[in-house]
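**Q** Next comes the structure file protein.txt, holding compact mmCIF, C-alpha atoms.
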# COMPACT_ATOMS: atom_id res chain seq x y z
CA MET X 260 190.18 129.77 100.32
CA ASP X 261 191.76 127.59 103.03
CA GLU X 262 191.26 128.74 106.59
CA VAL X 263 194.40 129.06 108.68
CA LYS X 264 194.88 129.28 112.41
CA VAL X 265 195.62 132.86 113.49
CA ILE X 266 197.43 133.28 116.81
CA GLU X 267 197.58 136.66 118.56
CA ILE X 268 200.96 136.46 120.27
CA LYS X 269 201.91 138.64 123.22
CA LYS X 270 205.14 140.39 124.02
CA SER X 271 207.29 138.45 126.45
CA VAL X 272 206.87 139.34 130.12
CA PHE X 273 210.30 137.92 130.84
CA GLU X 274 213.37 140.06 130.55
CA ASP X 275 216.00 137.53 129.62
CA ASN X 276 215.43 136.80 125.96
CA ASP X 277 218.84 135.19 125.46
CA LYS X 278 218.06 132.66 128.18
CA ASP X 279 214.60 131.95 126.75
CA ALA X 280 216.15 131.47 123.34
CA ALA X 281 218.80 129.05 124.63
CA ASN X 282 216.11 127.06 126.47
CA LEU X 283 213.97 126.88 123.36
CA ARG X 284 216.90 125.63 121.29
CA THR X 285 217.60 122.92 123.87
CA ASP X 286 213.94 121.82 123.77
CA LEU X 287 213.97 121.70 119.98
CA LYS X 288 217.18 119.64 120.00
CA LYS X 289 215.58 117.09 122.36
CA ARG X 290 212.56 116.78 120.09
CA GLY X 291 214.68 116.63 116.93
CA VAL X 292 212.95 119.63 115.40
CA TYR X 293 215.00 122.12 113.36
CA LEU X 294 213.73 125.71 113.52
CA LEU X 295 214.83 128.17 110.83
CA ASN X 296 214.25 131.89 111.35
CA LEU X 297 213.77 133.55 107.95
CA MET X 298 214.05 137.34 107.79
CA SER X 299 214.01 140.01 105.07
CA SER X 300 212.62 143.36 103.97
CA PRO X 301 208.94 143.56 103.07
CA GLY X 302 208.36 142.23 99.58
CA SER X 303 211.63 140.37 99.08
CA GLY X 304 209.79 137.16 98.22
CA LYS X 305 209.92 135.20 101.50
CA THR X 306 206.58 133.46 101.00
CA THR X 307 207.14 132.62 97.32
CA THR X 308 210.57 131.23 98.21
CA LEU X 309 209.00 129.09 100.94
CA VAL X 310 206.39 127.70 98.56
CA GLN X 311 209.11 126.60 96.11
CA LEU X 312 211.31 125.23 98.85
CA ILE X 313 208.56 123.32 100.65
CA ASN X 314 207.29 121.72 97.46
CA ARG X 315 210.81 120.35 96.89
CA LEU X 316 211.18 119.11 100.49
CA LYS X 317 207.76 117.96 101.63
CA ASP X 318 208.11 114.37 100.40
CA LYS X 319 211.43 113.98 102.19
CA ILE X 320 210.79 115.70 105.54
CA ARG X 321 207.84 116.86 107.65
CA ILE X 322 207.50 120.66 107.62
CA ALA X 323 205.35 123.38 109.18
CA VAL X 324 205.46 127.14 108.73
CA MET X 325 204.70 130.00 111.13
CA GLU X 326 203.99 133.28 109.34
CA ALA X 327 204.51 136.37 111.50
CA ASP X 328 202.90 139.62 110.43
CA ILE X 329 201.56 142.77 112.00
CA ASP X 330 198.25 142.05 110.30
CA SER X 331 196.53 139.93 107.59
CA ASP X 332 196.80 136.19 106.97
CA VAL X 333 197.57 136.23 103.24
CA ASP X 334 200.96 134.55 103.69
CA ALA X 335 199.75 131.65 105.84
CA VAL X 336 196.85 131.06 103.44
CA LYS X 337 199.22 131.10 100.45
CA ILE X 338 201.54 128.52 102.04
CA LYS X 339 198.62 126.24 102.92
CA GLU X 340 196.97 126.55 99.51
CA GLN X 341 200.12 126.12 97.45
CA THR X 342 201.95 123.44 99.46
CA GLY X 343 199.28 121.70 101.56
CA ILE X 344 201.46 121.71 104.70
CA GLU X 345 200.54 122.98 108.17
CA SER X 346 200.78 126.76 108.22
CA ILE X 347 199.73 129.14 110.97
CA GLN X 348 199.61 132.90 111.14
CA LEU X 349 201.12 134.78 114.09
CA HIS X 350 199.88 138.31 114.67
CA THR X 351 202.42 140.39 116.56
CA GLY X 352 200.01 143.08 117.74
CA GLY X 353 202.01 145.83 116.07
CA MET X 354 205.39 144.50 117.23
CA CYS X 355 208.13 144.73 114.64
CA HIS X 356 209.91 141.50 115.54
CA LEU X 357 209.58 138.18 117.35
CA ASP X 358 211.47 137.21 120.48
CA ALA X 359 212.00 133.68 121.86
CA GLU X 360 208.87 133.70 124.03
CA MET X 361 206.69 134.87 121.14
CA THR X 362 208.21 132.15 118.98
CA ARG X 363 207.41 129.56 121.66
CA GLN X 364 203.79 130.77 121.75
CA GLY X 365 203.64 130.03 118.04
CA LEU X 366 205.29 126.60 118.40
CA ASP X 367 202.73 125.68 121.09
CA ASN X 368 200.12 125.75 118.33
CA ILE X 369 201.68 123.20 115.98
CA PRO X 370 202.20 119.45 116.47
CA LEU X 371 205.97 119.51 117.02
CA ASN X 372 206.36 115.77 117.59
CA ASN X 373 205.45 115.04 113.99
CA LEU X 374 207.86 117.51 112.46
CA ASP X 375 211.46 117.71 111.25
CA LEU X 376 211.50 121.35 110.18
CA VAL X 377 209.64 124.47 111.27
CA ILE X 378 210.23 127.68 109.36
CA LEU X 379 209.46 130.96 111.06
CA GLU X 380 208.82 133.72 108.56
CA ASN X 381 209.65 136.75 110.67
CA VAL X 382 208.13 140.24 110.26
CA GLY X 383 209.41 141.99 107.11
CA ASN X 384 212.05 144.29 108.58
CA LEU X 385 215.86 144.43 108.28
CA VAL X 386 216.41 146.08 111.65
CA CYS X 387 214.56 144.86 114.74
CA PRO X 388 214.21 141.11 114.04
CA ALA X 389 218.03 140.90 113.91
CA GLU X 390 218.23 142.13 117.51
CA PHE X 391 216.25 139.28 119.06
CA ASP X 392 217.34 135.66 119.22
CA THR X 393 214.15 133.71 118.49
CA GLY X 394 215.58 130.39 119.67
CA ALA X 395 215.92 129.21 116.08
CA CYS X 396 218.74 126.83 115.16
CA ARG X 397 219.82 129.16 112.38
CA ASN X 398 219.01 132.58 110.97
CA ALA X 399 218.60 133.06 107.24
CA MET X 400 217.65 136.15 105.28
CA ILE X 401 216.52 137.02 101.79
CA LEU X 402 217.95 140.00 99.97
CA SER X 403 216.14 140.64 96.70
CA VAL X 404 217.92 142.10 93.69
CA PRO X 405 215.74 145.27 93.46
CA GLU X 406 216.83 146.24 97.00
CA GLY X 407 220.44 146.67 95.89
CA HIS X 408 223.75 145.02 96.76
CA ASP X 409 224.69 147.70 99.32
CA LYS X 410 222.30 146.49 102.03
CA PRO X 411 224.98 144.74 104.16
CA LEU X 412 226.60 148.19 104.54
CA LYS X 413 223.42 149.75 105.87
CA TYR X 414 222.00 146.89 107.97
CA PRO X 415 225.15 145.39 109.51
CA LEU X 416 223.52 143.45 112.35
CA MET X 417 221.07 141.61 110.08
CA PHE X 418 223.90 140.32 107.92
CA SER X 419 226.08 139.51 110.95
CA VAL X 420 223.49 137.21 112.54
CA CYS X 421 222.56 135.31 109.36
CA ASP X 422 224.31 132.10 108.31
CA LEU X 423 222.55 132.04 104.98
CA VAL X 424 221.82 134.93 102.63
CA ILE X 425 219.41 134.03 99.81
CA VAL X 426 219.68 136.49 96.92
CA ASN X 427 216.23 136.38 95.32
CA LYS X 428 214.77 137.73 92.04
CA ILE X 429 217.97 137.09 90.07
CA ASP X 430 215.79 136.96 86.92
CA VAL X 431 215.47 140.76 87.02
CA MET X 432 219.20 141.37 87.50
CA PRO X 433 219.51 142.85 83.95
CA TYR X 434 217.08 145.64 84.92
CA PHE X 435 218.81 146.67 88.16
CA ASP X 436 222.34 147.80 89.05
CA PHE X 437 222.96 144.76 91.25
CA ASP X 438 226.52 143.43 91.49
CA LEU X 439 226.45 139.85 92.89
CA GLU X 440 230.19 139.77 93.57
CA LYS X 441 230.04 143.09 95.46
CA CYS X 442 227.06 141.73 97.37
CA LYS X 443 229.01 138.61 98.42
CA GLU X 444 231.97 140.79 99.42
CA TYR X 445 229.74 143.00 101.62
CA VAL X 446 227.96 139.98 103.15
CA HIS X 447 231.32 138.43 104.07
CA MET X 448 232.46 141.72 105.64
CA ARG X 449 229.63 141.17 108.12
CA ASN X 450 229.85 137.39 108.44
CA PRO X 451 232.78 135.63 106.74
CA LYS X 452 231.11 132.22 107.13
CA ALA X 453 227.74 133.16 105.62
CA GLU X 454 226.60 131.11 102.66
CA VAL X 455 225.17 133.12 99.73
CA ILE X 456 222.70 131.30 97.47
CA PRO X 457 221.26 133.16 94.45
CA ILE X 458 217.76 132.04 93.43
CA CYS X 459 214.69 133.03 91.48
CA ALA X 460 211.69 131.98 93.56
CA LYS X 461 209.37 132.73 90.64
CA THR X 462 210.99 130.20 88.28
CA GLY X 463 212.57 127.92 90.89
CA GLU X 464 216.14 128.54 89.70
CA GLY X 465 218.64 127.84 92.51
CA VAL X 466 216.00 126.54 94.94
CA GLU X 467 217.42 122.99 94.70
CA LYS X 468 220.68 124.26 96.22
CA LEU X 469 218.69 125.90 99.00
CA ALA X 470 216.86 122.64 99.67
CA ASP X 471 220.19 120.80 99.88
CA TRP X 472 221.52 123.38 102.36
CA ILE X 473 218.52 122.81 104.62
CA LEU X 474 218.62 118.99 104.39
CA LYS X 475 222.29 119.05 105.36
CA GLU X 476 221.55 121.42 108.27
CA ILE X 477 218.77 119.18 109.58
CA LYS X 478 221.00 116.09 109.32
CA ASN X 479 223.73 117.80 111.37
CA TRP X 480 221.17 119.01 113.95
CA LYS X 481 219.63 115.64 114.75
CA MET L 46 234.19 161.78 97.29
CA ASP L 47 232.45 164.63 99.12
CA GLU L 48 232.68 164.55 102.87
CA VAL L 49 229.41 164.81 104.75
CA LYS L 50 228.68 165.64 108.35
CA VAL L 51 227.82 162.52 110.35
CA ILE L 52 225.75 163.05 113.51
CA GLU L 53 225.45 160.31 116.14
CA ILE L 54 221.96 160.97 117.47
CA LYS L 55 220.77 159.71 120.84
CA LYS L 56 217.47 158.22 121.89
CA SER L 57 215.17 160.77 123.48
CA VAL L 58 215.33 160.97 127.26
CA PHE L 59 211.87 162.50 127.32
CA GLU L 60 208.82 160.32 127.42
CA ASP L 61 206.28 162.44 125.62
CA ASN L 62 207.14 162.12 121.95
CA ASP L 63 203.79 163.48 120.77
CA LYS L 64 204.38 166.69 122.72
CA ASP L 65 207.95 167.00 121.39
CA ALA L 66 206.66 166.47 117.87
CA ALA L 67 203.94 169.12 118.23
CA ASN L 68 206.51 171.59 119.62
CA LEU L 69 208.88 170.90 116.75
CA ARG L 70 206.11 171.48 114.20
CA THR L 71 205.26 174.81 115.85
CA ASP L 72 208.93 175.88 115.70
CA LEU L 73 209.17 174.90 112.03
CA LYS L 74 205.99 176.83 111.23
CA LYS L 75 207.42 179.95 112.87
CA ARG L 76 210.62 179.65 110.83
CA GLY L 77 208.73 178.88 107.62
CA VAL L 78 210.53 175.57 107.14
CA TYR L 79 208.61 172.59 105.76
CA LEU L 80 209.84 169.20 107.02
CA LEU L 81 208.92 166.07 105.07
CA ASN L 82 209.43 162.65 106.67
CA LEU L 83 210.12 160.10 103.94
CA MET L 84 209.80 156.42 104.86
CA SER L 85 210.00 153.09 103.01
CA SER L 86 211.43 149.58 103.02
CA PRO L 87 215.16 149.19 102.49
CA GLY L 88 216.01 149.45 98.81
CA SER L 89 212.79 151.05 97.57
CA GLY L 90 214.75 153.90 95.98
CA LYS L 91 214.39 156.74 98.51
CA THR L 92 217.79 158.28 97.79
CA THR L 93 217.51 158.03 94.00
CA THR L 94 214.03 159.58 94.20
CA LEU L 95 215.42 162.43 96.31
CA VAL L 96 218.21 163.11 93.82
CA GLN L 97 215.69 163.43 90.97
CA LEU L 98 213.31 165.51 93.05
CA ILE L 99 215.95 167.88 94.42
CA ASN L 100 217.48 168.51 91.00
CA ARG L 101 214.00 169.61 89.81
CA LEU L 102 213.39 171.83 92.86
CA LYS L 103 216.74 173.31 93.89
CA ASP L 104 216.51 176.38 91.64
CA LYS L 105 213.06 177.23 93.02
CA ILE L 106 213.46 176.56 96.75
CA ARG L 107 216.24 176.08 99.31
CA ILE L 108 216.54 172.43 100.39
CA ALA L 109 218.53 170.29 102.81
CA VAL L 110 218.41 166.54 103.46
CA MET L 111 218.97 164.50 106.62
CA GLU L 112 219.77 160.86 105.90
CA ALA L 113 219.05 158.52 108.82
CA ASP L 114 220.69 155.10 108.85
CA ILE L 115 221.89 152.56 111.34
CA ASP L 116 225.32 152.79 109.74
CA SER L 117 227.24 154.06 106.67
CA ASP L 118 227.07 157.46 104.99
CA VAL L 119 226.57 156.35 101.38
CA ASP L 120 223.18 158.06 101.09
CA ALA L 121 224.26 161.46 102.41
CA VAL L 122 227.33 161.38 100.15
CA LYS L 123 225.19 160.44 97.12
CA ILE L 124 222.79 163.35 97.75
CA LYS L 125 225.66 165.82 98.14
CA GLU L 126 227.56 164.56 95.09
CA GLN L 127 224.57 164.34 92.79
CA THR L 128 222.63 167.48 93.80
CA GLY L 129 225.15 169.78 95.50
CA ILE L 130 222.76 170.65 98.33
CA GLU L 131 223.42 170.43 102.08
CA SER L 132 223.13 166.81 103.19
CA ILE L 133 223.94 165.33 106.59
CA GLN L 134 223.99 161.76 107.84
CA LEU L 135 222.26 160.81 111.08
CA HIS L 136 223.43 157.61 112.74
CA THR L 137 220.72 156.14 114.94
CA GLY L 138 223.02 153.93 117.02
CA GLY L 139 221.11 150.79 116.07
CA MET L 140 217.68 152.37 116.57
CA CYS L 141 215.12 151.35 113.95
CA HIS L 142 213.33 154.70 113.74
CA LEU L 143 213.57 158.41 114.54
CA ASP L 144 211.46 160.20 117.11
CA ALA L 145 210.87 163.97 117.40
CA GLU L 146 213.84 164.61 119.70
CA MET L 147 216.20 162.68 117.43
CA THR L 148 214.87 164.66 114.47
CA ARG L 149 215.52 167.90 116.36
CA GLN L 150 219.11 166.80 117.04
CA GLY L 151 219.53 166.46 113.30
CA LEU L 152 217.90 169.84 112.56
CA ASP L 153 220.26 171.53 115.04
CA ASN L 154 223.07 170.69 112.62
CA ILE L 155 221.70 172.44 109.54
CA PRO L 156 221.21 176.18 108.89
CA LEU L 157 217.40 176.23 109.16
CA ASN L 158 217.02 179.97 108.62
CA ASN L 159 218.20 179.65 105.04
CA LEU L 160 215.86 176.82 104.10
CA ASP L 161 212.35 176.25 102.72
CA LEU L 162 212.35 172.45 102.75
CA VAL L 163 214.08 169.79 104.81
CA ILE L 164 213.61 166.18 103.86
CA LEU L 165 214.23 163.52 106.48
CA GLU L 166 215.01 160.16 104.93
CA ASN L 167 213.98 157.85 107.76
CA VAL L 168 215.49 154.40 108.46
CA GLY L 169 214.41 151.82 105.86
CA ASN L 170 211.66 150.01 107.74
CA LEU L 171 207.89 149.75 107.22
CA VAL L 172 207.06 149.13 110.88
CA CYS L 173 208.71 151.21 113.60
CA PRO L 174 209.14 154.60 111.89
CA ALA L 175 205.36 154.72 111.44
CA GLU L 176 204.87 154.57 115.20
CA PHE L 177 206.78 157.77 116.01
CA ASP L 178 205.72 161.27 115.06
CA THR L 179 208.98 162.97 114.03
CA GLY L 180 207.49 166.46 114.11
CA ALA L 181 207.42 166.57 110.30
CA CYS L 182 204.69 168.55 108.54
CA ARG L 183 203.81 165.50 106.46
CA ASN L 184 204.69 161.84 106.16
CA ALA L 185 205.36 160.32 102.77
CA MET L 186 206.43 156.82 101.83
CA ILE L 187 207.78 155.00 98.84
CA LEU L 188 206.45 151.61 97.84
CA SER L 189 208.49 150.07 95.04
CA VAL L 190 206.91 147.79 92.45
CA PRO L 191 209.06 144.72 93.29
CA GLU L 192 207.71 144.78 96.87
CA GLY L 193 204.18 144.01 95.68
CA HIS L 194 200.84 145.81 95.79
CA ASP L 195 199.69 143.98 98.93
CA LYS L 196 201.91 145.92 101.37
CA PRO L 197 199.09 148.19 102.69
CA LEU L 198 197.40 144.98 103.91
CA LYS L 199 200.46 143.89 105.88
CA TYR L 200 201.74 147.24 107.17
CA PRO L 201 198.50 149.10 107.99
CA LEU L 202 199.95 151.78 110.26
CA MET L 203 202.59 152.92 107.74
CA PHE L 204 199.93 153.52 105.11
CA SER L 205 197.55 155.13 107.62
CA VAL L 206 200.04 157.81 108.66
CA CYS L 207 201.21 158.73 105.15
CA ASP L 208 199.59 161.49 103.10
CA LEU L 209 201.59 160.62 100.02
CA VAL L 210 202.45 157.19 98.64
CA ILE L 211 205.06 157.26 95.88
CA VAL L 212 204.97 154.08 93.80
CA ASN L 213 208.53 153.75 92.50
CA LYS L 214 210.20 151.54 89.86
CA ILE L 215 207.16 151.56 87.55
CA ASP L 216 209.56 150.80 84.66
CA VAL L 217 209.83 147.20 85.87
CA MET L 218 206.07 146.71 86.22
CA PRO L 219 206.01 144.27 83.25
CA TYR L 220 208.32 141.89 85.15
CA PHE L 221 206.35 141.82 88.41
CA ASP L 222 202.76 140.96 89.34
CA PHE L 223 202.02 144.49 90.51
CA ASP L 224 198.47 145.81 90.10
CA LEU L 225 198.48 149.63 90.41
CA GLU L 226 194.70 149.87 90.75
CA LYS L 227 194.67 147.24 93.53
CA CYS L 228 197.53 149.12 95.19
CA LYS L 229 195.54 152.38 95.16
CA GLU L 230 192.49 150.54 96.52
CA TYR L 231 194.53 149.07 99.42
CA VAL L 232 196.25 152.42 100.15
CA HIS L 233 192.84 154.14 100.34
CA MET L 234 191.54 151.43 102.70
CA ARG L 235 194.18 152.70 105.14
CA ASN L 236 193.98 156.41 104.34
CA PRO L 237 191.20 157.56 102.01
CA LYS L 238 192.88 160.96 101.51
CA ALA L 239 196.34 159.67 100.57
CA GLU L 240 197.72 160.79 97.23
CA VAL L 241 199.34 158.05 95.12
CA ILE L 242 201.98 159.18 92.62
CA PRO L 243 203.62 156.55 90.37
CA ILE L 244 207.19 157.36 89.34
CA CYS L 245 210.38 155.89 87.97
CA ALA L 246 213.24 157.51 89.87
CA LYS L 247 215.77 155.98 87.47
CA THR L 248 214.34 157.72 84.37
CA GLY L 249 212.60 160.63 86.12
CA GLU L 250 209.12 159.68 84.89
CA GLY L 251 206.44 161.11 87.19
CA VAL L 252 208.90 163.10 89.33
CA GLU L 253 207.53 166.40 87.98
CA LYS L 254 204.17 165.59 89.58
CA LEU L 255 205.93 164.84 92.84
CA ALA L 256 207.76 168.18 92.67
CA ASP L 257 204.41 169.96 92.11
CA TRP L 258 202.89 168.19 95.12
CA ILE L 259 205.74 169.39 97.35
CA LEU L 260 205.69 172.99 96.04
CA LYS L 261 201.94 173.16 96.72
CA GLU L 262 202.45 171.75 100.21
CA ILE L 263 205.16 174.28 101.03
CA LYS L 264 202.98 177.14 99.73
CA ASN L 265 200.10 176.04 101.98
CA TRP L 266 202.43 175.66 104.97
CA LYS L 267 203.94 179.14 104.86
Mind turning the file's structure into structure tokens?

**A**
Amino acid sequence: MDEVKVIEIKKSVFEDNDKDAANLRTDLKKRGVYLLNLMSSPGSGKTTTLVQLINRLKDKIRIAVMEADIDSDVDAVKIKEQTGIESIQLHTGGMCHLDAEMTRQGLDNIPLNNLDLVILENVGNLVCPAEFDTGACRNAMILSVPEGHDKPLKYPLMFSVCDLVIVNKIDVMPYFDFDLEKCKEYVHMRNPKAEVIPICAKTGEGVEKLADWILKEIKNWK
Amino acid sequence: MDEVKVIEIKKSVFEDNDKDAANLRTDLKKRGVYLLNLMSSPGSGKTTTLVQLINRLKDKIRIAVMEADIDSDVDAVKIKEQTGIESIQLHTGGMCHLDAEMTRQGLDNIPLNNLDLVILENVGNLVCPAEFDTGACRNAMILSVPEGHDKPLKYPLMFSVCDLVIVNKIDVMPYFDFDLEKCKEYVHMRNPKAEVIPICAKTGEGVEKLADWILKEIKNWK
């Protein structure tokens, strides 16, 4: 099994997270690095989606991943083993989210100058991560079919702050009462501009569209 | 559609949550009311499980439900419509968990003297709710098959504080890489005494065993 770097990040001692986040975004812009903050519930398929996505993008752009979790390094190891790219594990010390300073502590441990894209896989949680600007260029989230199409009603902030909603596990749609049109309607109640991309990370269906979205984003950022 | 009471609960102004929780448990013991704190990720099937469970128990014991959510009242309405029992909605004002004082605010709005069992459906979140003792007699959680059997590795505290782990959506096990034996092994790494009960809330499979567990618990509590 590949060994991955595990970073124990500390809660920010600064109070002004919005300012830290704005500063981090400015730094990233100068370096030409695009940071995507990926959020979701536990078990929605973030890591599997990343593996599919990275394997489609890694010959075109230079990518690294930061995996944030309360504990364990299974996700960072999976990314490294199945894509070969730089992947580090951030341990949040029990914290349920990342803020901008914690994100910067992670970024300090990867060679930013050689990268086009860094993906931060945030802690699996639909509540707290939405409350903290990490300094990322964009927020994206994965909603998996088994969770149900009503989630934008119950977790309004998460869906308000995300520019991209990836609907994952569409292969099991026949076994669940998931209405994709209702889902889109609820997402757009929270954020009318949000893009909704249905995928199946297991089979790769729809991931090409996701890759195109990211390539276009990076082009506009640089 | 049935109307349900919606309570806007406030964050505790007291600092000592453990003391509040112990006091609440003592009060509940005196009144002979058993409070179960039910936690899980968003979309694991908490409300559907409760509907099945309550319809099996409501002729034997007197039950009420408190549904905690950031927003919406869909869960409280569903419980009321599909079981006919008392069901209230607690709005947490953006908070990602309930503490003992918030739980007490909810309990103040239901007729405790006429009840044997109150179920608190906590905010869908595997991180923060585990950190706060609500004053409940027991903690239970639902892990649904699509989330994966590795969750006890990533969310250690949640599985440490729960005495009962309900594995839901076992009907879709053939479509997911979910290993029930591995799941049990990981759960018992966190809490060797935890009971694991596999169910399918959609069809009702396994819910009888869950009902028996709760009846036994209530008998021991009184």

**Q** What does the distance from CA of Gly251 in chain L to CA of Asp178 in chain L come to in Å, to one decimal?

**A**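 Between CA of Gly251 in chain L and CA of Asp178 in chain L the gap is 27.9 Å.
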
**Q** For Asp116 in chain L, which residue out of L:Glu53, L:Ser89, L:Leu260, L:Leu98 is the nearest one, using only C-alpha atoms?

**A**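 Looking only at the distances to Asp116 in chain L, the closest residue turns out to be L:Glu53.
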
**Q** List every residue of range 311-347 of chain X that has an atom at most 10 Å from any atom of range 295-302 of chain X, and for each one report the closest atom pair and its distance in Å to one decimal, counting only C-alpha atoms, with rows sorted by chain and then by increasing residue number, as a Markdown table.

**A**
| residue | atom | partner | partner_atom | distance |
| --- | --- | --- | --- | --- |
| X:Val324 | CA | X:Leu295 | CA | 9.7 |
| X:Met325 | CA | X:Asn296 | CA | 9.7 |
| X:Glu326 | CA | X:Leu297 | CA | 9.9 |

**Q** Which residues, protein or nucleic acid, reach to within 9 Å of (226.7, 165.6, 108.3) in the file's coordinates when using all atoms listed in the file, and can you give that as an mmCIF file with C-alpha atoms, in the coordinates of the input?

**A**
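Listing of selection_14.cif after writing:
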data_model
loop_
_atom_site.group_PDB
_atom_site.id
_atom_site.type_symbol
_atom_site.label_atom_id
_atom_site.label_comp_id
_atom_site.auth_asym_id
_atom_site.auth_seq_id
_atom_site.Cartn_x
_atom_site.Cartn_y
_atom_site.Cartn_z
ATOM 1 C CA GLU L 48 232.680 164.550 102.870
ATOM 2 C CA VAL L 49 229.410 164.810 104.750
ATOM 3 C CA LYS L 50 228.680 165.640 108.350
ATOM 4 C CA VAL L 51 227.820 162.520 110.350
ATOM 5 C CA ILE L 52 225.750 163.050 113.510
ATOM 6 C CA MET L 111 218.970 164.500 106.620
ATOM 7 C CA GLU L 112 219.770 160.860 105.900
ATOM 8 C CA ASP L 118 227.070 157.460 104.990
ATOM 9 C CA ALA L 121 224.260 161.460 102.410
ATOM 10 C CA GLU L 131 223.420 170.430 102.080
ATOM 11 C CA SER L 132 223.130 166.810 103.190
ATOM 12 C CA ILE L 133 223.940 165.330 106.590
ATOM 13 C CA GLN L 134 223.990 161.760 107.840
ATOM 14 C CA LEU L 135 222.260 160.810 111.080
ATOM 15 C CA GLY L 151 219.530 166.460 113.300
ATOM 16 C CA ASN L 154 223.070 170.690 112.620
ATOM 17 C CA ILE L 155 221.700 172.440 109.540
#

**Q** Report as a VMD selection string the set of chain L residues whose atoms approach chain X to within 10 Å, with distances computed over all atoms listed in the file.

**A** chain L and resid 85 to 90 114 to 120 139 to 142 168 to 173 176 188 to 202 214 216 to 217 220 to 221 247

**Q** Which is closer to Lys468 in chain X than all the others in X:Leu316, X:Ala327, X:Leu287, X:Leu374, using all atoms listed in the file?

**A**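 Closest residue, counting all atoms listed in the file: X:Leu316.
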
**Q** For each of X:Trp480, X:Val336, X:Tyr293, X:Glu467, take the minimum atom-to-atom distance to Ile322 in chain X, counting only C-alpha atoms, then give the residue where this is smallest.

**A** X:Tyr293

**Q** Which residue, L:Leu255, L:Ile130, L:Glu226, L:Leu80, has the smallest gap to Lys103 in chain L when you use all atoms listed in the file?

**A** L:Ile130

**Q** Extract, using only C-alpha atoms, all DNA, RNA and protein residues at most 12 Å from Asp275 in chain X, discarding same-chain residues fewer than 4 positions from it, and format them as a ChimeraX atom specification.

**A** /X:271,279-282,358-360,391-393

**Q** What separation in Å, quoted to one decimal, exists between CA of Cys459 in chain X and CA of Asn213 in chain L?

**A**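 Atom-to-atom, CA of Cys459 in chain X to CA of Asn213 in chain L, that is 21.6 Å.
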
**Q** Between CA of Val241 in chain L and CA of Val212 in chain L, what distance in Å does the model show, to one decimal?

**A** 7.0 Å

**Q** Mind working out the centre and edge lengths of an axis-aligned box for range 184-192 of chain L, all listed atoms inside, 6 Å added to each side, rounded to one decimal in Å and written as AutoDock Vina command-line options?

**A**
--center_x 206.9 --center_y 153.3 --center_z 99.3 --size_x 16.4 --size_y 29.1 --size_z 25.7

**Q** In terms of the shortest atom-to-atom distance over only C-alpha atoms, which of X:Lys443, X:Thr351, X:Gly394, X:Thr307 is closest to Asn276 in chain X?

**A**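 Under the stated criterion, the closest residue is X:Gly394.
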
**Q** Counting all atoms listed in the file, which of X:Leu366, X:Met417, X:Arg284, X:Ile401 gets nearest to Pro388 in chain X?

**A** X:Met417
